[in-house]
Amino acid sequence: MFKCLRNNIPCIPDRLISWILKHARSLLVVVLCITSILLFFTIRNFKINTDLTEMISNDLPFRQVVKKFHEDFPNLVGAIVVVLQGDTAEQVSQARTILTDRLRGETGLFKSIYTPGGGPFFAKNGLLYLSESELEQQGDALSEMQPFLALLSRNFSLSGLFSVLTQIVEQQDISLGDNEKIIRLFDKLSLIFINVEQGKKQNMSWQDLMLNNSKLSRKTQLILLQPLLNYHTINPAKQAVSRIRKASKELRLKEQFNVSVNITGKPVINYEDLRSVRKDITTASLISFVLVGIILYLGLGSFRLVFAGLATLLTGLAWTIAFAILLVGRLNMISVTFVVLFIGLGIDYSIQISLRYKELLLLGRPHKKAIAEAVIATGNTLLLCAISTAIGFYAFVPTAYVGASELGLISGTGMLFILLASITVLPALMILMPEKKKHLLPLPIGKSIALFLVRYPRHIVAGATISLLVSLTLLPRVSFDANPFNMSDQRSQSVRTAMRLFQGEHSPWTISVLASDRQEAQRLAARLRQLSEVKSVLTIDSFIPKNQEEKLEQIEDMALSMPPPPEQQKNRPVDWYQQDKKALADLSRALDKKMNADDVEAAELSAMGNLAREIHHFQKLLTNPDQGAVLFDHLDSALLPDLAILLHRLHTLMEAAPVDLSHLPKDLISRYVSKNNQYRIQVVPQKDLRDLHNLENFVTAVTSIAPQATDQPVTVLAAGKTIVSAFKTASILAFILIALFLWIVMKTWKTVLLVLLPLLLALCYTMAAAVLVDIPFNFANIIIVPLLLGIGVDSSIHVIHRMRELREINIHILETSTARAVLFSSLTTILSFGTLSFMHHAGTAGMGKLLTLSVILMIACTLIILPAYLELRSPYKKG
């Protein structure tokens, strides 16, 4: 083979082509049968792995550390996070309890269900986790509300609430302006009246008034579920995710509690990514296929050749997918894009053969002889292109980036498959569909550009050189975005929810450090708390309250002032409506009278004025007793049920008892102490880790104290560095191997450099363009490197080989079928990748945009800059 390529002797035997053309029908039947079997196998076994972290080799040190961490704490792996958010903490707590109970009843779906800060233990001992000063403030807050609660406990009803407020307003010896809680209560009541009048459902947040600490009153609460993943299905998390959403919908949490329920976490994001990618990649492939067909027709001018080319392309694609499933077992989020890559690269082989065939027809060759000569004439170039491109892809196989490694293996082998299909299936189809039209569709632009290149080669080369120098100055600003969230579908609920968590107190990314004993965990935690990049550090000892004796005394004092919890009325009095209406009227009169007093302060005047105004509006709606009863019902539902729940909760909090390790809930202990007595230290970041600078600072600071630190921030950053290093190494290796192969074939380094020149220029231009349009490289779009290796080498080889043939002929390279083939092949590639730009998966869409840009630059380098340079210093000019 090397001897044939070096001496430009046809590598494809005439006898093979003659046999194919003679037995075309039989060959196509055999190919159809084999391809059908492979397609059946592919459909039965097709799988996609959406986990980006699995695309890094497990042999790397940081992967070994995280693997051990997952073995020690398996309950922390792959959690689904249910995020409940509402207007009031009471409503959120109720919704979380109801949903948790429902999900615990779902058998065979979840390994564990954990509610942070929830359950009987924290309901009883929650006050112990406040500092002594916070606990004192909480006692003061309850003391301010004590008179109100004591009076209300005697008649816990809507009329009782209005009566208590009337008594407070009428007391002459009390200045409401001195009681901030009562002023806030009036303001909140005003809003409740407005909402009821407007038909809105929004409950009063009594916790905002009585619980003076955000630790006790959270409007965002979580449920952490570890699903049992079904790996026998294409989407392992589908059943668990669907069941959570179904339970939330059936429980009508939004309607009952005005609480939104969103879910996120790696299994959910993977689930939605897979669904998005499967749908979009199918659409993109179909659109790409149609657009390729249109471009093929414009380039070939024949529906028969278009059909033959696309059929050949589909055959090679079927073989390649079957190879991928058979050898690798499944595709991943990177290797799945080989479908579009294959369409863009593979069609070049059919275009080259078909256009050479058309060119020979124009020269008067008979149909059969034109096919044979076209295959033989382009065979060496196509073989050289296939091997060079395959080498470029195979250079990524040994890298630690499994995603690119598998893409390299599949795509490299795919180039060999499409070469085989192009010299067998394509000629067989062409011989059975003789071409009637011998002319090509006109393409006058080739001659125009050729004249321009002949006249102004120095200007073009100078412009290219200046552009290269500018690009080199921009290269240091090329960045890599390792955040996997930025690669997912940004419209998906799971990604939007995760992004909101980054902004709040529940950051999805924390660092975990393992210690061999409890004392070591305490020592490390103390050092980590000193870091400015760290917000908080949690160990199992963080859940054993400090100064318990003093706090328990404070809680006992608070309990003495607490009235008994209200008893829920089983039946309303017969005249409840009249009682409520009268009590409201009394409150209205008391407010009006108080506001007319001389000693009213501005703060209480404003609060009372707003409340009095809204009560007056409300009273106007009570002319119809039926309508009035409904309004009072809504008012009752908005004010009293949550207050009753809060008062019962407060009494439970007053029952706090001493806490040690043995009292902590088992599901909490298991998150910080493993079965083999490894102690976990959880480090929470101070800043938003979506910012790469914050991420690097956080990981660097923590690992300076704990080198074996692990978890998502560490693995994300390390994975990014691994990928960048892998691509640098693989790219250099690919360049060296391709250069050596081309040198063996082409004999001179000068020719090799001419082949690689457009590729090097296009790479530099693409890197600079990525900086200018602010597209950072990531797990997905970094594959432009092997792609440009393939396209660039192919196109340059075609141009250089054809210029060798034209050295004795006065025809410019841009006026030949070869330039036309390179152009239309590149256009098919642009359209193929352009369809990816419209995918919802952000990583794939970004990849499509950058690939489209890079191929456009590659066309310019191959068909404009290279020919312009060869006009000045061509070794192939006549004479």
# chains A, B, ... in the order shown; residues from 1 in each chain; ligands from 1

$ residues_around --residues "Ala612 in chain A" --least-positions-apart "6" --cutoff "8 Å" --atoms "only C-alpha atoms" --output "list in words"
Ser588, Leu591 and Asp592 of chain A

$ closest_atom_pairs --of "range 716-763 of chain A" --to "range 838-861 of chain A" --cutoff "8 Å" --atoms "only C-alpha atoms" --output "Markdown table"
| residue | atom | partner | partner_atom | distance |
| --- | --- | --- | --- | --- |
| A:Pro758 | CA | A:Cys861 | CA | 4.9 |
| A:Leu759 | CA | A:Met858 | CA | 6.9 |
| A:Leu761 | CA | A:Cys861 | CA | 6.8 |
| A:Ala762 | CA | A:Met858 | CA | 5.2 |
| A:Leu763 | CA | A:Ser854 | CA | 7.5 |

$ write_last_selection --atoms "N, CA and C atoms" --output "mmCIF file, in the first residue's frame"
data_model
loop_
_atom_site.group_PDB
_atom_site.id
_atom_site.type_symbol
_atom_site.label_atom_id
_atom_site.label_comp_id
_atom_site.auth_asym_id
_atom_site.auth_seq_id
_atom_site.Cartn_x
_atom_site.Cartn_y
_atom_site.Cartn_z
ATOM 1 N N PRO A 758 -2.919 24.724 6.132
ATOM 2 C CA PRO A 758 -4.297 25.212 6.354
ATOM 3 C C PRO A 758 -4.863 24.756 7.699
ATOM 4 N N LEU A 759 -4.498 23.547 8.099
ATOM 5 C CA LEU A 759 -4.989 23.008 9.370
ATOM 6 C C LEU A 759 -4.485 23.844 10.544
ATOM 7 N N LEU A 761 -3.383 26.945 10.495
ATOM 8 C CA LEU A 761 -3.986 28.270 10.437
ATOM 9 C C LEU A 761 -5.422 28.248 10.966
ATOM 10 N N ALA A 762 -6.189 27.261 10.507
ATOM 11 C CA ALA A 762 -7.593 27.177 10.919
ATOM 12 C C ALA A 762 -7.722 26.969 12.425
ATOM 13 N N LEU A 763 -6.842 26.165 12.996
ATOM 14 C CA LEU A 763 -6.868 25.949 14.445
ATOM 15 C C LEU A 763 -6.605 27.251 15.197
#

$ residues_around --residues "range 371-375 of chain A" --least-positions-apart "5" --cutoff "7 Å" --atoms "only C-alpha atoms" --output "ChimeraX atom specification"
/A:17,353,356-357,423,427

$ closest_atom_pairs --of "range 217-332 of chain A" --to "range 399-421 of chain A" --cutoff "9 Å" --atoms "only C-alpha atoms" --output "CSV"
residue,atom,partner,partner_atom,distance
A:Thr312,CA,A:Ala421,CA,6.0
A:Leu313,CA,A:Ile418,CA,6.9
A:Thr315,CA,A:Ala421,CA,7.1
A:Gly316,CA,A:Ile418,CA,4.8
A:Leu317,CA,A:Gly414,CA,7.4
A:Trp319,CA,A:Phe417,CA,7.0
A:Thr320,CA,A:Gly414,CA,5.2
A:Ile321,CA,A:Ile410,CA,8.0
A:Phe323,CA,A:Ile410,CA,7.5
A:Ala324,CA,A:Ile410,CA,5.9
A:Val328,CA,A:Glu406,CA,7.4
A:Leu331,CA,A:Glu406,CA,8.1
A:Asn332,CA,A:Gly403,CA,6.5

$ closest_residue --among "A:Asn610, A:Thr35, A:Ser837, A:Asn571" --to "Phe193 in chain A" --atoms "only C-alpha atoms"
A:Asn610

$ closest_residue --among "A:Thr862, A:Met487, A:Leu552, A:Asn258" --to "Ala464 in chain A" --atoms "only C-alpha atoms"
A:Thr862

$ residues_around --residues "Ser670 in chain A" --least-positions-apart "3" --cutoff "10 Å" --atoms "only C-alpha atoms" --output "VMD selection string"
chain A and resid 72 to 76 540 665 to 667 673 to 675 679 to 680

$ write_last_selection --atoms "all heavy atoms" --output "short mmCIF file (atom, residue, chain, number, x, y, z; two decimals), in the first residue's frame"
data_model
loop_
_atom_site.label_atom_id
_atom_site.label_comp_id
_atom_site.auth_asym_id
_atom_site.auth_seq_id
_atom_site.Cartn_x
_atom_site.Cartn_y
_atom_site.Cartn_z
N ASP A 72 -17.37 4.48 50.74
CA ASP A 72 -17.57 4.71 52.17
C ASP A 72 -18.95 5.32 52.46
O ASP A 72 -19.56 5.04 53.49
CB ASP A 72 -16.48 5.64 52.72
CG ASP A 72 -15.12 4.96 52.78
OD1 ASP A 72 -15.08 3.72 52.86
OD2 ASP A 72 -14.09 5.67 52.72
N PHE A 73 -19.42 6.17 51.55
CA PHE A 73 -20.70 6.85 51.75
C PHE A 73 -21.60 6.64 50.53
O PHE A 73 -21.88 7.58 49.77
CB PHE A 73 -20.48 8.35 52.00
CG PHE A 73 -19.79 8.66 53.29
CD1 PHE A 73 -18.41 8.78 53.35
CD2 PHE A 73 -20.52 8.79 54.47
CE1 PHE A 73 -17.77 9.05 54.54
CE2 PHE A 73 -19.89 9.06 55.67
CZ PHE A 73 -18.51 9.19 55.72
N PRO A 74 -22.04 5.41 50.30
CA PRO A 74 -22.86 5.14 49.12
C PRO A 74 -24.19 5.89 49.12
O PRO A 74 -24.78 6.11 48.06
CB PRO A 74 -23.09 3.62 49.19
CG PRO A 74 -22.89 3.27 50.64
CD PRO A 74 -21.86 4.22 51.14
N ASN A 75 -24.67 6.29 50.31
CA ASN A 75 -25.95 6.99 50.38
C ASN A 75 -25.87 8.43 49.89
O ASN A 75 -26.89 9.11 49.76
CB ASN A 75 -26.49 6.97 51.81
CG ASN A 75 -25.48 7.52 52.82
OD1 ASN A 75 -24.27 7.34 52.65
ND2 ASN A 75 -25.95 8.17 53.85
N LEU A 76 -24.65 8.91 49.60
CA LEU A 76 -24.49 10.28 49.08
C LEU A 76 -24.36 10.30 47.56
O LEU A 76 -24.24 11.37 46.97
CB LEU A 76 -23.25 10.93 49.70
CG LEU A 76 -23.21 11.06 51.23
CD1 LEU A 76 -21.95 11.76 51.68
CD2 LEU A 76 -24.44 11.79 51.75
N ILE A 540 -19.91 15.45 62.11
CA ILE A 540 -20.95 14.87 62.96
C ILE A 540 -21.06 15.64 64.27
O ILE A 540 -22.14 15.77 64.86
CB ILE A 540 -20.68 13.37 63.21
CG1 ILE A 540 -21.91 12.70 63.81
CG2 ILE A 540 -19.46 13.16 64.08
CD1 ILE A 540 -23.14 12.74 62.93
N PRO A 665 -30.30 11.17 64.71
CA PRO A 665 -30.97 10.24 63.80
C PRO A 665 -29.96 9.42 62.99
O PRO A 665 -28.91 9.94 62.60
CB PRO A 665 -31.78 11.16 62.89
CG PRO A 665 -31.91 12.45 63.63
CD PRO A 665 -30.67 12.58 64.46
N LYS A 666 -30.29 8.17 62.73
CA LYS A 666 -29.37 7.28 62.00
C LYS A 666 -29.10 7.79 60.59
O LYS A 666 -27.98 7.68 60.10
CB LYS A 666 -29.95 5.87 61.96
CG LYS A 666 -29.96 5.18 63.31
CD LYS A 666 -30.49 3.76 63.19
CE LYS A 666 -30.48 3.06 64.56
NZ LYS A 666 -31.02 1.68 64.47
N ASP A 667 -30.14 8.33 59.93
CA ASP A 667 -29.91 8.79 58.55
C ASP A 667 -29.00 10.01 58.52
O ASP A 667 -28.31 10.26 57.52
CB ASP A 667 -31.24 9.08 57.84
CG ASP A 667 -32.10 10.10 58.57
OD1 ASP A 667 -31.72 10.54 59.67
OD2 ASP A 667 -33.19 10.45 58.04
N VAL A 673 -20.63 9.66 59.18
CA VAL A 673 -19.79 8.58 59.72
C VAL A 673 -20.12 7.32 58.95
O VAL A 673 -21.28 6.88 58.93
CB VAL A 673 -20.05 8.36 61.23
CG1 VAL A 673 -19.09 7.29 61.76
CG2 VAL A 673 -19.86 9.65 62.02
N SER A 674 -19.11 6.73 58.30
CA SER A 674 -19.33 5.53 57.49
C SER A 674 -19.34 4.28 58.37
O SER A 674 -18.99 4.32 59.55
CB SER A 674 -18.25 5.41 56.42
OG SER A 674 -17.00 5.11 57.01
N LYS A 675 -19.75 3.19 57.77
CA LYS A 675 -19.79 1.93 58.51
C LYS A 675 -18.40 1.47 58.93
O LYS A 675 -18.26 0.75 59.93
CB LYS A 675 -20.46 0.86 57.65
CG LYS A 675 -21.95 1.10 57.44
CD LYS A 675 -22.57 0.00 56.61
CE LYS A 675 -24.07 0.24 56.42
NZ LYS A 675 -24.70 -0.83 55.58
N TYR A 679 -14.78 9.40 58.97
CA TYR A 679 -15.53 10.59 59.36
C TYR A 679 -15.47 11.62 58.22
O TYR A 679 -14.40 12.00 57.78
CB TYR A 679 -14.98 11.18 60.65
CG TYR A 679 -15.33 10.35 61.87
CD1 TYR A 679 -14.63 9.18 62.16
CD2 TYR A 679 -16.39 10.72 62.70
CE1 TYR A 679 -14.96 8.41 63.27
CE2 TYR A 679 -16.72 9.95 63.81
CZ TYR A 679 -16.02 8.80 64.08
OH TYR A 679 -16.35 8.03 65.17
N ARG A 680 -16.66 12.04 57.79
CA ARG A 680 -16.75 12.99 56.69
C ARG A 680 -16.80 14.42 57.20
O ARG A 680 -17.53 14.74 58.15
CB ARG A 680 -18.02 12.71 55.87
CG ARG A 680 -18.27 13.71 54.75
CD ARG A 680 -19.59 13.42 54.09
NE ARG A 680 -19.96 14.44 53.11
CZ ARG A 680 -21.16 15.00 53.01
NH1 ARG A 680 -22.13 14.63 53.82
NH2 ARG A 680 -21.41 15.92 52.10
#

$ residues_around --residues "Trp509 in chain A" --least-positions-apart "2" --cutoff "7 Å" --atoms "only C-alpha atoms" --output "list of chain:residue names"
A:Ser507, A:Ile511, A:Gln712, A:Pro713

$ write_last_selection --atoms "N, CA, C and O atoms" --output "CSV table (one decimal), in the first residue's frame"
chain,number,residue,atom,x,y,z
A,507,SER,N,-26.0,25.2,48.4
A,507,SER,CA,-25.2,25.0,47.2
A,507,SER,C,-25.1,23.5,46.9
A,507,SER,O,-24.8,22.6,47.7
A,511,ILE,N,-17.4,20.4,49.2
A,511,ILE,CA,-16.2,19.5,49.2
A,511,ILE,C,-16.3,18.5,50.4
A,511,ILE,O,-16.7,19.0,51.5
A,712,GLN,N,-17.8,17.0,44.2
A,712,GLN,CA,-18.0,17.6,42.9
A,712,GLN,C,-17.1,18.8,42.6
A,712,GLN,O,-16.5,18.8,41.4
A,713,PRO,N,-16.8,19.8,43.4
A,713,PRO,CA,-15.9,20.9,43.0
A,713,PRO,C,-14.5,20.4,42.6
A,713,PRO,O,-13.9,20.8,41.6

$ closest_residue --among "A:Met558, A:Leu772, A:Leu149, A:Ala526" --to "Glu136 in chain A" --atoms "only C-alpha atoms"
A:Met558

$ closest_residue --among "A:Gln554, A:Asn486, A:Ser18, A:Ser153" --to "Asp140 in chain A" --atoms "only C-alpha atoms"
A:Gln554

$ residues_around --residues "Asn203 in chain A" --least-positions-apart "5" --cutoff "8 Å" --atoms "only C-alpha atoms" --output "PDB file with all heavy atoms, in the first residue's frame"
ATOM      1  N   ASP A  87     -44.397  30.718  49.953  1.00  0.00           N
ATOM      2  CA  ASP A  87     -44.431  32.047  50.552  1.00  0.00           C
ATOM      3  C   ASP A  87     -44.248  31.997  52.061  1.00  0.00           C
ATOM      4  O   ASP A  87     -43.787  32.964  52.668  1.00  0.00           O
ATOM      5  CB  ASP A  87     -45.756  32.736  50.215  1.00  0.00           C
ATOM      6  CG  ASP A  87     -45.924  32.969  48.727  1.00  0.00           C
ATOM      7  OD1 ASP A  87     -44.921  33.321  48.076  1.00  0.00           O
ATOM      8  OD2 ASP A  87     -47.039  32.792  48.206  1.00  0.00           O
ATOM      9  N   THR A  88     -44.657  30.884  52.677  1.00  0.00           N
ATOM     10  CA  THR A  88     -44.529  30.772  54.129  1.00  0.00           C
ATOM     11  C   THR A  88     -43.841  29.461  54.484  1.00  0.00           C
ATOM     12  O   THR A  88     -44.044  28.431  53.828  1.00  0.00           O
ATOM     13  CB  THR A  88     -45.912  30.816  54.818  1.00  0.00           C
ATOM     14  OG1 THR A  88     -46.631  29.618  54.502  1.00  0.00           O
ATOM     15  CG2 THR A  88     -46.705  32.028  54.368  1.00  0.00           C
ATOM     16  N   GLN A  91     -46.305  26.495  55.315  1.00  0.00           N
ATOM     17  CA  GLN A  91     -46.863  25.779  54.175  1.00  0.00           C
ATOM     18  C   GLN A  91     -45.834  24.849  53.548  1.00  0.00           C
ATOM     19  O   GLN A  91     -46.148  23.720  53.165  1.00  0.00           O
ATOM     20  CB  GLN A  91     -47.356  26.781  53.128  1.00  0.00           C
ATOM     21  CG  GLN A  91     -48.470  27.690  53.609  1.00  0.00           C
ATOM     22  CD  GLN A  91     -49.827  27.002  53.576  1.00  0.00           C
ATOM     23  OE1 GLN A  91     -50.390  26.741  52.521  1.00  0.00           O
ATOM     24  NE2 GLN A  91     -50.356  26.706  54.742  1.00  0.00           N
ATOM     25  N   ILE A 192     -53.254  40.032  53.906  1.00  0.00           N
ATOM     26  CA  ILE A 192     -54.158  38.885  53.861  1.00  0.00           C
ATOM     27  C   ILE A 192     -55.553  39.324  53.418  1.00  0.00           C
ATOM     28  O   ILE A 192     -56.205  38.664  52.589  1.00  0.00           O
ATOM     29  CB  ILE A 192     -54.213  38.185  55.243  1.00  0.00           C
ATOM     30  CG1 ILE A 192     -52.859  37.542  55.572  1.00  0.00           C
ATOM     31  CG2 ILE A 192     -55.329  37.136  55.274  1.00  0.00           C
ATOM     32  CD1 ILE A 192     -52.434  36.471  54.589  1.00  0.00           C
ATOM     33  N   SER A 637     -59.032  30.242  56.740  1.00  0.00           N
ATOM     34  CA  SER A 637     -58.018  29.309  56.219  1.00  0.00           C
ATOM     35  C   SER A 637     -56.656  29.980  56.077  1.00  0.00           C
ATOM     36  O   SER A 637     -55.615  29.334  56.237  1.00  0.00           O
ATOM     37  CB  SER A 637     -58.455  28.763  54.853  1.00  0.00           C
ATOM     38  OG  SER A 637     -59.659  28.050  54.970  1.00  0.00           O
ATOM     39  N   ALA A 638     -56.674  31.285  55.784  1.00  0.00           N
ATOM     40  CA  ALA A 638     -55.408  31.997  55.585  1.00  0.00           C
ATOM     41  C   ALA A 638     -54.732  32.358  56.898  1.00  0.00           C
ATOM     42  O   ALA A 638     -53.516  32.569  56.930  1.00  0.00           O
ATOM     43  CB  ALA A 638     -55.649  33.260  54.766  1.00  0.00           C
ATOM     44  N   LEU A 639     -55.511  32.424  58.012  1.00  0.00           N
ATOM     45  CA  LEU A 639     -54.955  32.941  59.261  1.00  0.00           C
ATOM     46  C   LEU A 639     -54.724  31.887  60.345  1.00  0.00           C
ATOM     47  O   LEU A 639     -53.680  31.899  61.007  1.00  0.00           O
ATOM     48  CB  LEU A 639     -55.876  34.035  59.820  1.00  0.00           C
ATOM     49  CG  LEU A 639     -55.950  35.341  59.024  1.00  0.00           C
ATOM     50  CD1 LEU A 639     -57.016  36.261  59.593  1.00  0.00           C
ATOM     51  CD2 LEU A 639     -54.598  36.031  59.019  1.00  0.00           C
ATOM     52  N   ASP A 642     -52.315  27.563  60.101  1.00  0.00           N
ATOM     53  CA  ASP A 642     -50.857  27.601  60.235  1.00  0.00           C
ATOM     54  C   ASP A 642     -50.431  28.097  61.616  1.00  0.00           C
ATOM     55  O   ASP A 642     -49.406  27.675  62.150  1.00  0.00           O
ATOM     56  CB  ASP A 642     -50.248  28.515  59.166  1.00  0.00           C
ATOM     57  CG  ASP A 642     -50.278  27.876  57.790  1.00  0.00           C
ATOM     58  OD1 ASP A 642     -50.621  26.684  57.707  1.00  0.00           O
ATOM     59  OD2 ASP A 642     -49.980  28.567  56.800  1.00  0.00           O
TER      60      ASP A 642
END

$ residues_around --residues "Glu533 in chain A" --least-positions-apart "2" --cutoff "9 Å" --atoms "only C-alpha atoms" --output "PyMOL selection string"
chain A and resi 530-531+535+684-687+694+697-699+701-702

$ write_last_selection --atoms "N, CA and C atoms" --output "tab-separated table (two decimals), in the first residue's frame"
chain	number	residue	atom	x	y	z
A	530	GLN	N	-10.99	28.40	59.17
A	530	GLN	CA	-10.21	29.64	59.13
A	530	GLN	C	-10.07	30.21	57.72
A	531	LEU	N	-10.43	29.42	56.70
A	531	LEU	CA	-10.25	29.85	55.32
A	531	LEU	C	-11.32	30.85	54.92
A	535	LYS	N	-17.50	28.99	53.82
A	535	LYS	CA	-18.64	29.57	54.54
A	535	LYS	C	-18.89	28.83	55.85
A	684	VAL	N	-18.51	23.86	52.97
A	684	VAL	CA	-19.46	24.65	52.18
A	684	VAL	C	-18.77	25.92	51.68
A	685	PRO	N	-18.88	26.23	50.39
A	685	PRO	CA	-18.17	27.40	49.83
A	685	PRO	C	-18.80	28.71	50.27
A	686	GLN	N	-17.98	29.74	50.31
A	686	GLN	CA	-18.45	31.08	50.65
A	686	GLN	C	-19.10	31.76	49.44
A	687	LYS	N	-18.59	31.46	48.23
A	687	LYS	CA	-19.06	32.15	47.03
A	687	LYS	C	-19.69	31.16	46.04
A	694	ASN	N	-13.93	31.52	41.42
A	694	ASN	CA	-14.34	31.11	42.77
A	694	ASN	C	-14.09	29.62	42.99
A	697	ASN	N	-10.31	28.97	43.45
A	697	ASN	CA	-9.85	29.45	44.75
A	697	ASN	C	-10.32	28.54	45.88
A	698	PHE	N	-11.57	28.12	45.79
A	698	PHE	CA	-12.14	27.25	46.83
A	698	PHE	C	-11.42	25.91	46.89
A	699	VAL	N	-11.26	25.28	45.74
A	699	VAL	CA	-10.61	23.96	45.69
A	699	VAL	C	-9.14	24.08	46.12
A	701	ALA	N	-7.73	26.31	48.08
A	701	ALA	CA	-7.63	26.59	49.52
A	701	ALA	C	-7.88	25.33	50.35
A	702	VAL	N	-8.91	24.58	50.00
A	702	VAL	CA	-9.24	23.38	50.79
A	702	VAL	C	-8.19	22.30	50.61

$ closest_residue --among "A:Thr510, A:Trp19, A:Pro566, A:Thr100" --to "Leu650 in chain A" --atoms "only C-alpha atoms"
A:Pro566

$ closest_residue --among "A:Gln85, A:Thr107, A:Asn235, A:Ser350" --to "Leu296 in chain A" --atoms "only C-alpha atoms"
A:Ser350
